[in-house]
Amino acid sequence: MYVRLAFTGLLVSGLIMAADLSTSAPVTFSKDVLPILQKNCQACHRPGQMGPMSFLTYESARPWAKAMKAAVVTRKMPPWSADPHYGPYLNDRSLKQSDIDTITKWADSGAPEGNPKDAPPPVKWPEGWLIQPDMIVDGPVTDVPATPKNNVVEWITVIVPTGFTRDTWVTSVQIKPEHPAVTHHICTGYAPHLPGVKYGLGVWSDFDRDEEGAARPEKGPAFVGRGQGRRDSGNPDAAAIFAESGTPGGSAQDCYLPGNAAADYRPLNAAKLIPAGYDIVFNVHYTPNGTAVTDHVKIGFTVAKEPPQRRYVSLLISAPTDPKIFAIPPNDGNWLSPPAVATFNQDVELVYMMPHMHVRGKDTTWTLEYPDGSRQVVLDVPHYDFNWQLAYDTSIKVPKGTRLHVDAHYDNSVNNKFNPNPNRTVYYGQMTWEEMMSPFFGVVVDRGTDVKKLIDSPIAFVSGGA
């Protein structure tokens with residue numbers, strides 16, 4: 001009797017499960033998948049953006065159903081490298097498991113469209129400018145050759161006027177290259193205008209490079225910092241302007257990088273100060289791709305009508321750049337860089353973190369060491385990906401006396417598929433086949449804070465205006 005009842009119970013349970021499966025609503029693009037794509041994918045996967053295919057419509061997304069499944073199951077897409085156990089990360093773009101399951105079920109069931117009437121309204125994505133600027137400034141124009149020697153175009157610094165005739169609080173900034181495909185980075189600093197400055201004139205450093213395009217430390221600096229090895233192309237006050245603005249090798253007020261197209265301080269109720277009459281110092285770096293282009297950069301600003309209560313400050317620290325200290329040995333798959341450190345001299349709110357390494361970058365960990373001796377990991381990137389220069393928004397109150405300690409490992413072995421040559425020593429340098437360890441971060445402080453005394457660090461650059 002017990003066996004018969006048990007069998008009957010199993011039979012009934014199986015029938016109920018089968019009924020549930022047979023009557024469960026199918027997963028469709030219009031009702032289930034499109035909302036996920038709008039929230040997490042279309043920012044990049046639409047015409048004119050960095051995604052190689054468009055996910056705006058069923059017709060454009062359907063051929064990629066299986067590839068979408070593979071990308072989300074492996075968490076390759078959307079790109080997000082931070083360990084979720086740390087943070088907090090306010091801009092986490094990674095998919096929930098339920099979203100991954102939805103895309104998987106949709107792909108496995110033949111990727112049906114469903115009823116188009118179930119689809120949410122299309123997102124009104126901005127065309128061209130992401131921030132709808134109040135003011136647009138013409139930046140440098142640069143000829144990028146198709147195939148220069150060793151594929152090297154040295155970093156170029158160009159000065160242009162801001163056009164600001166009064167002290168201006170900017171609430172968002174977008175740097176817009178004309179040809180993103182060849183743009184490695186475009187960073188800006190701001191400096192007082194000096195007499196004799198020649199606007200629009202490119203200034204750069206010529207390095208003694210080997211056959212692989214790497215600078216030779218024995219021939220001079222492998223990386224240009226303040227006061228190091230500059231070649232002046234006729235601008236008599238270039239060195240003074242570079243020293244004031246910190247660019248290159250110094251502070252980056254704002255940067256265009258793959259994955260970081262604009263900076264918006266409005267959600268923080270904060271702004272950056274650009275004093276009247278200041279100049280913009282552009283630092284541009286291009287990576288030729290076989291097609292010669294002329295890139296025309298523009299920079300757009302939104303402007304506060306009233307001075308804000310809080311001030312946004314950009315900071316950059318670095319590991320030592322000395323080739324006697326920063327030298328990654330050949331065939332070392334887990335080299336630990338000397339750390340980048342900074343001590344906060346005032347209370348701040350940490351709101352932005354962006355690691356920056358090159359193709360041998362492996363992982364990075366950011367730790368706050370508080371005055372009471374406690375420690376907090378605020379960012380852990382166990383699998384760094386140079387192809388996605390991701391930034392992590394956060395909100396952490398940091399008291400005066402706290403020390404930021406950043407560690408990073410590098411993979412200079414054959415196991416690193418991006419490694420161009422594991423058999424050479426790699427030094428701190430400007431090209432992608434050289435290396436860097438440069439943590440960018442942003443803080444918010446009271447409007448009247450003296451930003452020049454904000455942190456102490458062996459290698460640090462602070463930008464928040466005058």
# chains A, B, ... in the order shown; residues from 1 in each chain; ligands from 1
$ residues_around --residues "Asp118 (chain A)" --least-positions-apart "3" --cutoff "12 Å" --atoms "only C-alpha atoms" --output "PDB file with C-alpha atoms, in the first residue's frame"
ATOM      1  CA  VAL A  27      10.067  33.776 -23.282  1.00  0.00           C
ATOM      2  CA  THR A  28       9.885  36.288 -26.138  1.00  0.00           C
ATOM      3  CA  PHE A  29      12.043  39.115 -27.357  1.00  0.00           C
ATOM      4  CA  SER A  30       9.345  41.767 -27.181  1.00  0.00           C
ATOM      5  CA  LYS A  31       8.111  41.087 -23.663  1.00  0.00           C
ATOM      6  CA  ASP A  32      11.097  39.615 -21.833  1.00  0.00           C
ATOM      7  CA  VAL A  33      14.426  40.187 -23.604  1.00  0.00           C
ATOM      8  CA  LEU A  34      14.106  43.717 -24.965  1.00  0.00           C
ATOM      9  CA  PRO A  35      13.704  45.338 -21.497  1.00  0.00           C
ATOM     10  CA  GLU A 113       9.840  37.615 -31.320  1.00  0.00           C
ATOM     11  CA  GLY A 114       6.478  37.392 -29.568  1.00  0.00           C
ATOM     12  CA  ASN A 115       3.851  40.085 -29.906  1.00  0.00           C
ATOM     13  CA  PRO A 121       8.657  52.046 -25.860  1.00  0.00           C
ATOM     14  CA  PRO A 122      12.044  52.545 -27.567  1.00  0.00           C
TER      15      PRO A 122
END
$ residues_around --residues "Lys397 (chain A)" --least-positions-apart "6" --cutoff "8 Å" --atoms "only C-alpha atoms" --output "number ranges by chain"
A: 347-350
$ closest_residue --among "A:Pro320, A:Pro192, A:Gly48, A:Pro420" --to "Met437 (chain A)" --atoms "only C-alpha atoms"
A:Pro320
$ residues_around --residues "Glu434 (chain A)" --least-positions-apart "4" --cutoff "10 Å" --atoms "only C-alpha atoms" --output "list in words"
Gly213, Ala214, Ala215, Ala222, Phe223, Ile328, Met357, His358, Val359, Arg360, Pro420, Thr425, Val426, Tyr427, Tyr428, Gly429 and Gln430 of chain A
$ select_by_dssp --residues "region 260-358 of chain A" --states "strand (DSSP E)" --output "number ranges by chain"
A: 262-264, 270-274, 279-286, 293-303, 310-317, 327-328, 335-336, 340-344, 348-354
$ write_last_selection --atoms "N, CA and C atoms" --output "compact mmCIF listing (two decimals), in the first residue's frame"
# COMPACT_ATOMS: atom_id res chain seq x y z
N ALA A 262 31.73 60.13 -21.01
CA ALA A 262 31.35 61.41 -20.43
C ALA A 262 31.42 61.32 -18.91
N ALA A 263 31.59 62.49 -18.28
CA ALA A 263 31.59 62.58 -16.82
C ALA A 263 30.46 63.52 -16.40
N ASP A 264 29.62 63.04 -15.51
CA ASP A 264 28.44 63.81 -15.11
C ASP A 264 28.43 63.94 -13.60
N ALA A 270 27.17 68.29 -7.46
CA ALA A 270 28.53 68.82 -7.39
C ALA A 270 28.93 69.37 -8.75
N ALA A 271 30.06 70.07 -8.78
CA ALA A 271 30.57 70.64 -10.02
C ALA A 271 32.06 70.89 -9.87
N LYS A 272 32.73 71.09 -11.01
CA LYS A 272 34.14 71.47 -11.03
C LYS A 272 34.26 72.95 -11.38
N LEU A 273 35.25 73.59 -10.79
CA LEU A 273 35.48 75.00 -11.05
C LEU A 273 36.55 75.19 -12.11
N ILE A 274 36.21 75.96 -13.16
CA ILE A 274 37.19 76.39 -14.15
C ILE A 274 37.25 77.91 -14.08
N ASP A 279 43.07 78.10 -19.76
CA ASP A 279 43.19 77.35 -21.00
C ASP A 279 42.93 75.87 -20.73
N ILE A 280 42.53 75.16 -21.79
CA ILE A 280 42.39 73.70 -21.72
C ILE A 280 43.65 73.08 -22.29
N VAL A 281 44.25 72.17 -21.54
CA VAL A 281 45.43 71.45 -21.98
C VAL A 281 45.01 70.03 -22.35
N PHE A 282 45.01 69.72 -23.64
CA PHE A 282 44.62 68.40 -24.13
C PHE A 282 45.85 67.50 -24.22
N ASN A 283 45.72 66.28 -23.76
CA ASN A 283 46.72 65.25 -24.01
C ASN A 283 46.06 64.15 -24.82
N VAL A 284 46.53 63.93 -26.05
CA VAL A 284 45.88 62.97 -26.95
C VAL A 284 46.84 61.84 -27.29
N HIS A 285 46.28 60.65 -27.39
CA HIS A 285 47.07 59.46 -27.72
C HIS A 285 46.26 58.63 -28.72
N TYR A 286 46.85 58.38 -29.86
CA TYR A 286 46.18 57.63 -30.91
C TYR A 286 46.91 56.31 -31.19
N VAL A 293 43.62 59.04 -40.87
CA VAL A 293 42.47 59.89 -40.60
C VAL A 293 42.96 61.20 -39.99
N THR A 294 42.12 62.20 -40.04
CA THR A 294 42.35 63.46 -39.34
C THR A 294 41.27 63.58 -38.28
N ASP A 295 41.69 63.57 -37.02
CA ASP A 295 40.73 63.57 -35.92
C ASP A 295 40.55 64.99 -35.39
N HIS A 296 39.31 65.40 -35.28
CA HIS A 296 38.97 66.72 -34.74
C HIS A 296 38.22 66.50 -33.43
N VAL A 297 38.81 66.92 -32.34
CA VAL A 297 38.23 66.71 -31.01
C VAL A 297 37.39 67.91 -30.61
N LYS A 298 36.26 67.65 -29.99
CA LYS A 298 35.43 68.68 -29.38
C LYS A 298 35.21 68.33 -27.91
N ILE A 299 34.99 69.33 -27.08
CA ILE A 299 34.67 69.10 -25.69
C ILE A 299 33.44 69.93 -25.32
N GLY A 300 32.47 69.28 -24.71
CA GLY A 300 31.23 69.95 -24.33
C GLY A 300 31.07 70.03 -22.83
N PHE A 301 30.45 71.10 -22.36
CA PHE A 301 30.22 71.31 -20.94
C PHE A 301 28.75 71.65 -20.69
N THR A 302 28.21 71.17 -19.57
CA THR A 302 27.02 71.78 -19.01
C THR A 302 27.46 72.63 -17.84
N VAL A 303 26.76 73.72 -17.62
CA VAL A 303 27.22 74.76 -16.69
C VAL A 303 26.16 75.02 -15.64
N ARG A 310 28.73 71.51 -3.31
CA ARG A 310 29.84 70.56 -3.22
C ARG A 310 30.71 70.66 -4.47
N ARG A 311 31.95 70.30 -4.29
CA ARG A 311 32.94 70.42 -5.35
C ARG A 311 33.49 69.04 -5.70
N TYR A 312 33.54 68.74 -6.99
CA TYR A 312 34.10 67.48 -7.47
C TYR A 312 35.58 67.68 -7.76
N VAL A 313 36.40 66.74 -7.28
CA VAL A 313 37.85 66.82 -7.48
C VAL A 313 38.34 65.51 -8.08
N SER A 314 39.09 65.61 -9.18
CA SER A 314 39.71 64.43 -9.80
C SER A 314 41.12 64.26 -9.27
N LEU A 315 41.48 63.02 -9.00
CA LEU A 315 42.82 62.72 -8.49
C LEU A 315 43.41 61.54 -9.25
N LEU A 316 44.74 61.54 -9.33
CA LEU A 316 45.48 60.46 -9.96
C LEU A 316 46.73 60.21 -9.15
N ILE A 317 46.93 58.96 -8.75
CA ILE A 317 48.18 58.57 -8.11
C ILE A 317 48.83 57.50 -8.97
N ALA A 327 59.80 47.26 -13.09
CA ALA A 327 60.36 46.46 -14.19
C ALA A 327 59.78 45.06 -14.08
N ILE A 328 58.89 44.70 -15.00
CA ILE A 328 58.22 43.39 -14.97
C ILE A 328 59.13 42.37 -15.63
N TRP A 335 53.45 39.19 -11.39
CA TRP A 335 54.35 40.19 -10.82
C TRP A 335 53.57 41.23 -10.04
N LEU A 336 53.98 41.49 -8.81
CA LEU A 336 53.33 42.48 -7.96
C LEU A 336 54.02 43.82 -8.10
N ALA A 340 50.55 52.03 -5.26
CA ALA A 340 50.23 53.46 -5.35
C ALA A 340 49.48 53.81 -4.08
N VAL A 341 49.90 54.88 -3.40
CA VAL A 341 49.33 55.20 -2.08
C VAL A 341 49.03 56.69 -1.99
N ALA A 342 48.07 57.03 -1.14
CA ALA A 342 47.75 58.42 -0.86
C ALA A 342 47.09 58.49 0.51
N THR A 343 47.36 59.57 1.24
CA THR A 343 46.73 59.82 2.53
C THR A 343 45.87 61.07 2.42
N PHE A 344 44.63 60.96 2.85
CA PHE A 344 43.69 62.08 2.79
C PHE A 344 43.92 63.01 3.98
N VAL A 348 36.52 63.41 3.02
CA VAL A 348 36.01 63.44 1.65
C VAL A 348 34.96 62.35 1.50
N GLU A 349 34.23 62.43 0.41
CA GLU A 349 33.38 61.33 -0.02
C GLU A 349 33.98 60.75 -1.29
N LEU A 350 34.40 59.51 -1.23
CA LEU A 350 34.94 58.82 -2.40
C LEU A 350 33.78 58.40 -3.29
N VAL A 351 33.77 58.86 -4.55
CA VAL A 351 32.61 58.63 -5.41
C VAL A 351 32.96 57.93 -6.72
N TYR A 352 34.25 57.80 -7.05
CA TYR A 352 34.62 57.30 -8.38
C TYR A 352 35.97 56.61 -8.29
N MET A 353 36.09 55.44 -8.92
CA MET A 353 37.35 54.70 -8.96
C MET A 353 37.54 54.12 -10.36
N MET A 354 38.74 54.28 -10.92
CA MET A 354 39.03 53.70 -12.22
C MET A 354 40.47 53.21 -12.27
$ select_by_dssp --residues "region 199-392 of chain A" --states "alpha helix (DSSP H)" --output "PyMOL selection string"
chain A and resi 238-245
$ residues_around --residues "Asn260 (chain A)" --least-positions-apart "4" --cutoff "10 Å" --atoms "only C-alpha atoms" --output "ChimeraX atom specification"
/A:174-175,185,254-256,354,388-391
$ write_last_selection --atoms "N, CA and C atoms" --output "PDB file, in the first residue's frame"
ATOM      1  N   GLN A 174      31.935  66.190 -21.647  1.00  0.00           N
ATOM      2  CA  GLN A 174      32.097  65.106 -22.619  1.00  0.00           C
ATOM      3  C   GLN A 174      33.170  65.490 -23.620  1.00  0.00           C
ATOM      4  N   ILE A 175      34.169  64.635 -23.742  1.00  0.00           N
ATOM      5  CA  ILE A 175      35.221  64.800 -24.742  1.00  0.00           C
ATOM      6  C   ILE A 175      34.867  63.904 -25.922  1.00  0.00           C
ATOM      7  N   HIS A 185      43.245  57.510 -25.895  1.00  0.00           N
ATOM      8  CA  HIS A 185      42.686  58.352 -24.844  1.00  0.00           C
ATOM      9  C   HIS A 185      42.803  59.812 -25.238  1.00  0.00           C
ATOM     10  N   ASP A 254      39.456  65.331 -16.889  1.00  0.00           N
ATOM     11  CA  ASP A 254      38.469  64.441 -17.499  1.00  0.00           C
ATOM     12  C   ASP A 254      39.145  63.706 -18.640  1.00  0.00           C
ATOM     13  N   CYS A 255      38.680  62.505 -18.918  1.00  0.00           N
ATOM     14  CA  CYS A 255      39.284  61.697 -19.971  1.00  0.00           C
ATOM     15  C   CYS A 255      38.210  61.011 -20.802  1.00  0.00           C
ATOM     16  N   TYR A 256      38.477  60.905 -22.094  1.00  0.00           N
ATOM     17  CA  TYR A 256      37.751  59.977 -22.949  1.00  0.00           C
ATOM     18  C   TYR A 256      38.564  58.699 -23.015  1.00  0.00           C
ATOM     19  N   MET A 354      38.737  54.281 -10.918  1.00  0.00           N
ATOM     20  CA  MET A 354      39.031  53.698 -12.225  1.00  0.00           C
ATOM     21  C   MET A 354      40.468  53.212 -12.271  1.00  0.00           C
ATOM     22  N   TRP A 388      38.424  47.265 -21.762  1.00  0.00           N
ATOM     23  CA  TRP A 388      37.309  47.990 -21.150  1.00  0.00           C
ATOM     24  C   TRP A 388      37.845  48.782 -19.963  1.00  0.00           C
ATOM     25  N   GLN A 389      38.045  50.086 -20.179  1.00  0.00           N
ATOM     26  CA  GLN A 389      38.537  50.959 -19.114  1.00  0.00           C
ATOM     27  C   GLN A 389      37.343  51.360 -18.240  1.00  0.00           C
ATOM     28  N   LEU A 390      36.942  50.449 -17.380  1.00  0.00           N
ATOM     29  CA  LEU A 390      35.713  50.640 -16.614  1.00  0.00           C
ATOM     30  C   LEU A 390      35.951  51.495 -15.376  1.00  0.00           C
ATOM     31  N   ALA A 391      34.956  52.302 -15.052  1.00  0.00           N
ATOM     32  CA  ALA A 391      34.970  53.104 -13.838  1.00  0.00           C
ATOM     33  C   ALA A 391      33.865  52.606 -12.914  1.00  0.00           C
TER      34      ALA A 391
END
$ closest_residue --among "A:Leu379, A:Val144, A:Cys187, A:Leu201" --to "Asn289 (chain A)" --atoms "only C-alpha atoms"
A:Val144
$ closest_residue --among "A:Leu454, A:Val170, A:Ala261, A:Val377" --to "Pro399 (chain A)" --atoms "only C-alpha atoms"
A:Leu454
